[in-house]
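Structure record follows, encoded as structure tokens.
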Amino acid sequence: MCQIDKVLIDDIVQEYGSPLYVYDANCVRDNYLRIVSSFKNIVHKIHYAMKANENVALLYVLKDLGCGIDAVSPYEIDRALNIGFDPSDIVFTPSCTSVNEIVYGLELGVHVHIGALEYFPMLEEHLKGKKIGLRLNPAISIEGNQKIATGHLGSKFGIPVNYLNKVLEYKDKYGFDVIGLHIHTGSNIHDVEGLKRSVDSLFEYAKLFDEIKYLDIGSGLKIKYKEGDLDIDLDEYAHYIRCKLNEFGKHVEIKVEPGKYLIGNAGYLITKVNIVKKGYNKLFVGVNSGFNHLIRPMYYDAYHEIVNISNPKGDLLKYDIVGQLCEEDTFARDRELNEVRVGDTLLIKSAGAYGFSMAMDYNLRKKPKEILIEDDKVFLV
Ligand SMILES: Cc1ncc(COP(=O)(O)O)c(C=O)c1O
């Protein structure tokens with residue numbers, strides 16, 4: 001796990017106040033290079049799922065490493081293009097969007113992944129001569145939080161695979177090529193066996209398209225949210241893909257779209273304690289934040305480690321850590337922390353992905369500032 005220096009955090013809070021998001025650029029680089037190392041025997045391209053965190057400074061860090069982008073809206077595409085990503089390095093996988101947004105992607109020359117059969121007749125002449133990708137729904141149930149499971153029978157995402165014959169008809173009718181297939185079955189998956197089933201589907205349906213150039217395995221790569229937690233075995237996953245490529249025989253590039261794996265543990269939400277109060281049967285710590293800054297604990301029941309960096313040697317006591325919204329906004333229940341006092345700084349860990357990007361102005365409270373740490377240099381970004 002990436003570690004952050006306490007003294008540096010104290011200095012940053014002194015200068016910029018709180019709440020604050022802090023990102024560690026070196027940690028992002030390490031995460032990227034870990035994927036590259038596991039996939040070293042595979043022709044591959046990593047496309048950062050920028051929905052996880054669209055911060056421009058982070059995008060520059062990843063661009064410098066040679067990373068591409070996975071975008072889900074025209075606004076994300078525009079941001080990526082503005083900072084210099086090439087259209088050919090961008091995959092665009094929108095969900096149930098308007099046909100106009102798909103045309104926008106096709107005309108820019110990014111890799112568009114079409115996720116519904118019904119778009120083809122709507123797109124008609126825009127498809128002529130185009131090389132497109134398909135997002136498939138392989139009807140695979142996957143472990144983990146079902147709010148973020150996206151490849152099962154009841155999911156809105158992707159084209160059901162039993163409609164692929166119809167895609168072949170549309171291909172002849174409208175004159176496009178299918179050069180990519182994409183599957184993403186969910187997030188935070190540590191069970192490689194589950195991911196292997198979607199890889200099997202990709203290779204199986206790739207046989208339908210002679211012109212196939214790439215298979216996009218999506219993401220779902222799990223990270224550790226606490227000591228002893230499981231993360232994905234990337235080497236095993238990559239080895240399996242390598243074997244499938246050998247069996248397949250034809251050259252195809254593998255695309256992978258991590259969000260959380262690249263950014264999750266590189267980000268921290270730093271909060272200050274407003275109040276420590278007694279309830280009927282528990283102690284509450286109220287911090288100057290809430291689900292308006294980090295919604296994952298409330299929306300996904302996600303676990304985030306929380307540390308009282310102001311009192312590291314204090315007695316361990318149990319608290320509910322809550323926000324200051326006029327809502328139920330509990331970050332953690334019955335969590336042991338070193339004794340908390342008003343004014344202490346609490347560090348909420350692994351908050352880099354789906355933290356700031358899902359933040360909002362609810363109760364008219366402002367979003368946190370964002371800080372990038374490069375070695376021991378600090379930038380407001
Ligand atoms: C299509 C697609 N690709 C990639 C991702 C990134 O997933 P993760 O953050 O689990 O790596 C997501 C997340 O929702 C997604 O929907």
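Order determines the names: the first chain of the structure tokens is A, the second B, and so forth; residues in each chain are numbered 1 upward, and ligands are numbered 1 upward as they are shown.
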
Closest-contact table, stretch 134-183 of chain A side, partner stretch 291-302 of chain A, 9 Å, counting only C-alpha atoms, as CSV:
residue,atom,partner,partner_atom,distance
A:Asn145,CA,A:Tyr300,CA,7.1
A:Lys147,CA,A:Tyr300,CA,7.2
A:Ile148,CA,A:Tyr300,CA,8.5

Could you list the protein, DNA and RNA residues that have any atom within 9 Å of ligand 1, counting only C-alpha atoms and all ligand atoms, and write them as number ranges by chain?
A: 47-52, 70-72, 92-95, 135, 148-150, 157, 182-189, 217-222, 256-264, 353-354

One number please: atom CA of A:Glu124 to atom CA of A:Leu202, in Å, one decimal.
25.7 Å

Can you work out which one of A:Phe120, A:Lys130, A:Ile83, A:Val287 has the shortest atom-to-atom distance to A:Leu106, counting only C-alpha atoms?
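Of A:Phe120, A:Lys130, A:Ile83, A:Val287, the one nearest A:Leu106 is A:Lys130, counting only C-alpha atoms.
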
Which residues are close to A:Lys377, i.e. within 12 Å by only C-alpha atoms, leaving aside same-chain residues fewer than 2 positions away? Reply as a PDB file with all heavy atoms, in the first residue's frame.
ATOM      1  N   ASP A   5       3.350  10.848   4.064  1.00  0.00           N
ATOM      2  CA  ASP A   5       4.119  11.362   5.184  1.00  0.00           C
ATOM      3  C   ASP A   5       3.271  12.286   6.070  1.00  0.00           C
ATOM      4  O   ASP A   5       2.665  13.245   5.585  1.00  0.00           O
ATOM      5  CB  ASP A   5       5.315  12.138   4.600  1.00  0.00           C
ATOM      6  CG  ASP A   5       6.232  12.608   5.674  1.00  0.00           C
ATOM      7  OD1 ASP A   5       6.878  11.755   6.299  1.00  0.00           O
ATOM      8  OD2 ASP A   5       6.267  13.833   5.913  1.00  0.00           O
ATOM      9  N   LEU A   8       4.227  16.014   6.165  1.00  0.00           N
ATOM     10  CA  LEU A   8       3.820  16.696   4.933  1.00  0.00           C
ATOM     11  C   LEU A   8       2.322  17.024   4.986  1.00  0.00           C
ATOM     12  O   LEU A   8       1.889  18.123   4.624  1.00  0.00           O
ATOM     13  CB  LEU A   8       4.132  15.783   3.740  1.00  0.00           C
ATOM     14  CG  LEU A   8       3.995  16.375   2.346  1.00  0.00           C
ATOM     15  CD1 LEU A   8       4.861  17.619   2.192  1.00  0.00           C
ATOM     16  CD2 LEU A   8       4.360  15.350   1.285  1.00  0.00           C
ATOM     17  N   ILE A   9       1.528  16.069   5.463  1.00  0.00           N
ATOM     18  CA  ILE A   9       0.074  16.301   5.560  1.00  0.00           C
ATOM     19  C   ILE A   9      -0.212  17.479   6.499  1.00  0.00           C
ATOM     20  O   ILE A   9      -1.018  18.363   6.182  1.00  0.00           O
ATOM     21  CB  ILE A   9      -0.650  15.030   6.073  1.00  0.00           C
ATOM     22  CG1 ILE A   9      -0.610  13.952   5.017  1.00  0.00           C
ATOM     23  CG2 ILE A   9      -2.100  15.324   6.466  1.00  0.00           C
ATOM     24  CD1 ILE A   9      -1.423  14.240   3.798  1.00  0.00           C
ATOM     25  N   ASP A  11       1.681  19.978   7.138  1.00  0.00           N
ATOM     26  CA  ASP A  11       2.056  21.217   6.441  1.00  0.00           C
ATOM     27  C   ASP A  11       1.000  21.608   5.412  1.00  0.00           C
ATOM     28  O   ASP A  11       0.639  22.787   5.274  1.00  0.00           O
ATOM     29  CB  ASP A  11       3.396  21.040   5.697  1.00  0.00           C
ATOM     30  CG  ASP A  11       4.550  20.926   6.674  1.00  0.00           C
ATOM     31  OD1 ASP A  11       4.316  21.166   7.878  1.00  0.00           O
ATOM     32  OD2 ASP A  11       5.666  20.560   6.237  1.00  0.00           O
ATOM     33  N   ILE A  12       0.511  20.605   4.683  1.00  0.00           N
ATOM     34  CA  ILE A  12      -0.476  20.886   3.627  1.00  0.00           C
ATOM     35  C   ILE A  12      -1.760  21.442   4.253  1.00  0.00           C
ATOM     36  O   ILE A  12      -2.342  22.417   3.770  1.00  0.00           O
ATOM     37  CB  ILE A  12      -0.780  19.600   2.806  1.00  0.00           C
ATOM     38  CG1 ILE A  12       0.452  19.174   2.002  1.00  0.00           C
ATOM     39  CG2 ILE A  12      -1.953  19.828   1.865  1.00  0.00           C
ATOM     40  CD1 ILE A  12       0.323  17.826   1.325  1.00  0.00           C
ATOM     41  N   TYR A  23      -3.370  13.700  -3.615  1.00  0.00           N
ATOM     42  CA  TYR A  23      -3.010  12.588  -4.497  1.00  0.00           C
ATOM     43  C   TYR A  23      -1.489  12.457  -4.564  1.00  0.00           C
ATOM     44  O   TYR A  23      -0.783  13.458  -4.656  1.00  0.00           O
ATOM     45  CB  TYR A  23      -3.542  12.816  -5.920  1.00  0.00           C
ATOM     46  CG  TYR A  23      -5.009  13.177  -5.968  1.00  0.00           C
ATOM     47  CD1 TYR A  23      -5.444  14.369  -6.564  1.00  0.00           C
ATOM     48  CD2 TYR A  23      -5.973  12.338  -5.414  1.00  0.00           C
ATOM     49  CE1 TYR A  23      -6.791  14.705  -6.618  1.00  0.00           C
ATOM     50  CE2 TYR A  23      -7.331  12.662  -5.456  1.00  0.00           C
ATOM     51  CZ  TYR A  23      -7.728  13.852  -6.047  1.00  0.00           C
ATOM     52  OH  TYR A  23      -9.055  14.183  -6.091  1.00  0.00           O
ATOM     53  N   ASP A  24      -1.026  11.215  -4.583  1.00  0.00           N
ATOM     54  CA  ASP A  24       0.408  10.944  -4.607  1.00  0.00           C
ATOM     55  C   ASP A  24       0.790  10.437  -6.005  1.00  0.00           C
ATOM     56  O   ASP A  24       0.441   9.310  -6.386  1.00  0.00           O
ATOM     57  CB  ASP A  24       0.693   9.878  -3.531  1.00  0.00           C
ATOM     58  CG  ASP A  24       2.150   9.470  -3.486  1.00  0.00           C
ATOM     59  OD1 ASP A  24       2.902   9.841  -4.405  1.00  0.00           O
ATOM     60  OD2 ASP A  24       2.519   8.752  -2.540  1.00  0.00           O
ATOM     61  N   ALA A  25       1.479  11.295  -6.778  1.00  0.00           N
ATOM     62  CA  ALA A  25       1.789  10.972  -8.180  1.00  0.00           C
ATOM     63  C   ALA A  25       2.639   9.708  -8.292  1.00  0.00           C
ATOM     64  O   ALA A  25       2.437   8.885  -9.193  1.00  0.00           O
ATOM     65  CB  ALA A  25       2.509  12.160  -8.829  1.00  0.00           C
ATOM     66  N   ASN A  26       3.576   9.524  -7.372  1.00  0.00           N
ATOM     67  CA  ASN A  26       4.444   8.341  -7.476  1.00  0.00           C
ATOM     68  C   ASN A  26       3.671   7.046  -7.266  1.00  0.00           C
ATOM     69  O   ASN A  26       3.991   6.010  -7.848  1.00  0.00           O
ATOM     70  CB  ASN A  26       5.600   8.422  -6.471  1.00  0.00           C
ATOM     71  CG  ASN A  26       6.650   9.403  -6.957  1.00  0.00           C
ATOM     72  OD1 ASN A  26       6.803   9.602  -8.172  1.00  0.00           O
ATOM     73  ND2 ASN A  26       7.351  10.034  -6.031  1.00  0.00           N
ATOM     74  N   ILE A 371      -4.940  18.436  -4.108  1.00  0.00           N
ATOM     75  CA  ILE A 371      -3.491  18.676  -4.022  1.00  0.00           C
ATOM     76  C   ILE A 371      -2.769  17.481  -4.626  1.00  0.00           C
ATOM     77  O   ILE A 371      -3.143  16.340  -4.367  1.00  0.00           O
ATOM     78  CB  ILE A 371      -3.059  18.767  -2.531  1.00  0.00           C
ATOM     79  CG1 ILE A 371      -3.792  19.898  -1.821  1.00  0.00           C
ATOM     80  CG2 ILE A 371      -1.552  18.860  -2.374  1.00  0.00           C
ATOM     81  CD1 ILE A 371      -3.353  21.278  -2.202  1.00  0.00           C
ATOM     82  N   LEU A 372      -1.733  17.757  -5.422  1.00  0.00           N
ATOM     83  CA  LEU A 372      -0.892  16.674  -5.950  1.00  0.00           C
ATOM     84  C   LEU A 372       0.468  16.734  -5.261  1.00  0.00           C
ATOM     85  O   LEU A 372       1.084  17.806  -5.194  1.00  0.00           O
ATOM     86  CB  LEU A 372      -0.704  16.821  -7.461  1.00  0.00           C
ATOM     87  CG  LEU A 372       0.070  15.682  -8.124  1.00  0.00           C
ATOM     88  CD1 LEU A 372      -0.809  14.444  -8.287  1.00  0.00           C
ATOM     89  CD2 LEU A 372       0.607  16.105  -9.491  1.00  0.00           C
ATOM     90  N   ILE A 373       0.926  15.591  -4.769  1.00  0.00           N
ATOM     91  CA  ILE A 373       2.284  15.521  -4.212  1.00  0.00           C
ATOM     92  C   ILE A 373       3.179  14.830  -5.230  1.00  0.00           C
ATOM     93  O   ILE A 373       2.873  13.744  -5.704  1.00  0.00           O
ATOM     94  CB  ILE A 373       2.319  14.683  -2.911  1.00  0.00           C
ATOM     95  CG1 ILE A 373       1.347  15.249  -1.884  1.00  0.00           C
ATOM     96  CG2 ILE A 373       3.713  14.620  -2.349  1.00  0.00           C
ATOM     97  CD1 ILE A 373       1.289  14.404  -0.613  1.00  0.00           C
ATOM     98  N   GLU A 374       4.255  15.510  -5.602  1.00  0.00           N
ATOM     99  CA  GLU A 374       5.272  14.952  -6.498  1.00  0.00           C
ATOM    100  C   GLU A 374       6.547  14.880  -5.682  1.00  0.00           C
ATOM    101  O   GLU A 374       7.134  15.914  -5.382  1.00  0.00           O
ATOM    102  CB  GLU A 374       5.528  15.904  -7.674  1.00  0.00           C
ATOM    103  CG  GLU A 374       4.680  15.710  -8.879  1.00  0.00           C
ATOM    104  CD  GLU A 374       5.123  14.567  -9.759  1.00  0.00           C
ATOM    105  OE1 GLU A 374       6.081  13.842  -9.404  1.00  0.00           O
ATOM    106  OE2 GLU A 374       4.493  14.388 -10.805  1.00  0.00           O
ATOM    107  N   ASP A 375       6.992  13.675  -5.322  1.00  0.00           N
ATOM    108  CA  ASP A 375       8.080  13.504  -4.361  1.00  0.00           C
ATOM    109  C   ASP A 375       7.708  14.312  -3.119  1.00  0.00           C
ATOM    110  O   ASP A 375       6.693  14.078  -2.537  1.00  0.00           O
ATOM    111  CB  ASP A 375       9.423  13.906  -4.988  1.00  0.00           C
ATOM    112  CG  ASP A 375       9.691  13.056  -6.229  1.00  0.00           C
ATOM    113  OD1 ASP A 375       9.394  11.843  -6.186  1.00  0.00           O
ATOM    114  OD2 ASP A 375      10.129  13.605  -7.246  1.00  0.00           O
ATOM    115  N   PHE A 379       1.474  20.614  -5.014  1.00  0.00           N
ATOM    116  CA  PHE A 379       0.825  21.512  -5.985  1.00  0.00           C
ATOM    117  C   PHE A 379      -0.676  21.519  -5.760  1.00  0.00           C
ATOM    118  O   PHE A 379      -1.273  20.459  -5.579  1.00  0.00           O
ATOM    119  CB  PHE A 379       1.077  21.032  -7.418  1.00  0.00           C
ATOM    120  CG  PHE A 379       2.523  20.876  -7.762  1.00  0.00           C
ATOM    121  CD1 PHE A 379       3.165  19.648  -7.575  1.00  0.00           C
ATOM    122  CD2 PHE A 379       3.254  21.949  -8.248  1.00  0.00           C
ATOM    123  CE1 PHE A 379       4.512  19.501  -7.880  1.00  0.00           C
ATOM    124  CE2 PHE A 379       4.592  21.806  -8.557  1.00  0.00           C
ATOM    125  CZ  PHE A 379       5.236  20.574  -8.364  1.00  0.00           C
ATOM    126  N   LEU A 380      -1.257  22.720  -5.806  1.00  0.00           N
ATOM    127  CA  LEU A 380      -2.717  22.827  -5.802  1.00  0.00           C
ATOM    128  C   LEU A 380      -3.162  22.580  -7.242  1.00  0.00           C
ATOM    129  O   LEU A 380      -2.694  23.246  -8.157  1.00  0.00           O
ATOM    130  CB  LEU A 380      -3.115  24.231  -5.345  1.00  0.00           C
ATOM    131  CG  LEU A 380      -4.586  24.532  -5.248  1.00  0.00           C
ATOM    132  CD1 LEU A 380      -5.264  23.663  -4.199  1.00  0.00           C
ATOM    133  CD2 LEU A 380      -4.811  26.006  -4.919  1.00  0.00           C
TER     134      LEU A 380
END

Atom CA of A:Arg29 and atom CA of A:Glu193, how far apart in Å?
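Computed distance, atom CA of A:Glu193 to atom CA of A:Arg29, equals 27.2 Å.
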
DSSP says strand (DSSP E) for which residues of stretch 260-321 of chain A? Put them as JSON, numbers by chain?
{"A": [267, 268, 269, 270, 271, 272, 273, 274, 275, 276, 277, 278, 283, 284, 285, 286, 287, 306, 307, 308, 316, 317, 318, 319, 320, 321]}

Could you save the residues just selected, with C-alpha atoms, as a PDB file, in the first residue's frame?
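Full text of selection02.pdb as output:
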ATOM      1  CA  GLY A 267      -5.707   9.464  -2.936  1.00  0.00           C
ATOM      2  CA  TYR A 268      -6.617  10.588   0.584  1.00  0.00           C
ATOM      3  CA  LEU A 269      -9.465  12.670   1.897  1.00  0.00           C
ATOM      4  CA  ILE A 270      -8.274  14.833   4.761  1.00  0.00           C
ATOM      5  CA  THR A 271     -10.870  16.092   7.188  1.00  0.00           C
ATOM      6  CA  LYS A 272     -10.918  18.020  10.475  1.00  0.00           C
ATOM      7  CA  VAL A 273     -12.960  17.054  13.513  1.00  0.00           C
ATOM      8  CA  ASN A 274     -15.738  19.556  14.267  1.00  0.00           C
ATOM      9  CA  ILE A 275     -17.218  17.808  17.253  1.00  0.00           C
ATOM     10  CA  VAL A 276     -16.965  14.690  19.386  1.00  0.00           C
ATOM     11  CA  LYS A 277     -20.393  13.967  20.864  1.00  0.00           C
ATOM     12  CA  LYS A 278     -22.026  11.332  23.008  1.00  0.00           C
ATOM     13  CA  LEU A 283     -19.592   8.174  20.526  1.00  0.00           C
ATOM     14  CA  PHE A 284     -19.819  10.205  17.325  1.00  0.00           C
ATOM     15  CA  VAL A 285     -16.978  12.015  15.602  1.00  0.00           C
ATOM     16  CA  GLY A 286     -18.368  14.762  13.336  1.00  0.00           C
ATOM     17  CA  VAL A 287     -15.965  15.828  10.560  1.00  0.00           C
ATOM     18  CA  ILE A 306      -9.490   6.103   8.755  1.00  0.00           C
ATOM     19  CA  VAL A 307      -6.543   7.320  10.803  1.00  0.00           C
ATOM     20  CA  ASN A 308      -6.308  10.040  13.436  1.00  0.00           C
ATOM     21  CA  LEU A 316      -8.087   3.259  21.113  1.00  0.00           C
ATOM     22  CA  LEU A 317     -11.795   4.086  21.359  1.00  0.00           C
ATOM     23  CA  LYS A 318     -14.785   3.120  19.251  1.00  0.00           C
ATOM     24  CA  TYR A 319     -16.592   5.807  17.258  1.00  0.00           C
ATOM     25  CA  ASP A 320     -19.102   6.332  14.488  1.00  0.00           C
ATOM     26  CA  ILE A 321     -17.431   8.769  12.096  1.00  0.00           C
TER      27      ILE A 321
END

Between atom CA of A:Lys369 and atom CA of A:Gly66, measure the distance and give it in Å to one decimal.
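Between these atoms lies a distance of 27.1 Å.
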
DSSP says helix (DSSP H, G or I) for which residues of stretch 73-135 of chain A? Put them as JSON, numbers by chain?
{"A": [74, 75, 76, 77, 78, 79, 80, 81, 82, 87, 88, 89, 99, 100, 101, 102, 103, 104, 105, 106, 107, 108, 119, 120, 121, 122, 123, 124, 125, 126, 127]}

Please provide the set of residues having any atom within 8 Å of A:His152, restricted to only C-alpha atoms, with same-chain residues fewer than 5 positions apart removed, written as a list in words.
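In the requested form, the answer reads Asn137, Pro138, Ala139, Ile140, Ser141, Ile142 and Thr185 of chain A.
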
Output file for the selection above: N, CA and C atoms, as a compact mmCIF listing (two decimals), in the first residue's frame:
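Generated output (selection.txt):
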# COMPACT_ATOMS: atom_id res chain seq x y z
N ASN A 137 -22.83 -7.69 -23.39
CA ASN A 137 -23.30 -8.16 -22.08
C ASN A 137 -23.25 -9.68 -22.11
N PRO A 138 -22.26 -10.27 -21.43
CA PRO A 138 -22.06 -11.73 -21.55
C PRO A 138 -22.99 -12.54 -20.65
N ALA A 139 -23.86 -11.87 -19.90
CA ALA A 139 -24.78 -12.56 -18.96
C ALA A 139 -23.99 -13.37 -17.93
N ILE A 140 -23.02 -12.67 -17.32
CA ILE A 140 -22.20 -13.32 -16.29
C ILE A 140 -22.45 -12.60 -14.97
N SER A 141 -22.80 -13.37 -13.95
CA SER A 141 -22.92 -12.78 -12.61
C SER A 141 -21.55 -12.82 -11.96
N ILE A 142 -21.24 -11.77 -11.25
CA ILE A 142 -19.90 -11.67 -10.68
C ILE A 142 -20.03 -11.37 -9.20
N THR A 185 -17.54 -6.44 -16.43
CA THR A 185 -18.61 -7.11 -15.67
C THR A 185 -18.84 -6.52 -14.28

I want to know what sits within 12 Å of A:Asn100, based on only C-alpha atoms, with residues of the same chain fewer than 6 positions away left out; could you give that as a PyMOL selection string?
chain A and resi 73-74+94+106-107+119+122-123+126

Might you pull out every residue within 12 Å of A:Glu327, with only C-alpha atoms counted and same-chain residues fewer than 3 positions away left off, and present them as a list in words?
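Returned residues: Ser289, Gly290, Phe291, Asn292, Met298, Val322, Gly323, Gln324, Thr330, Tyr362 and Asn363 of chain A.
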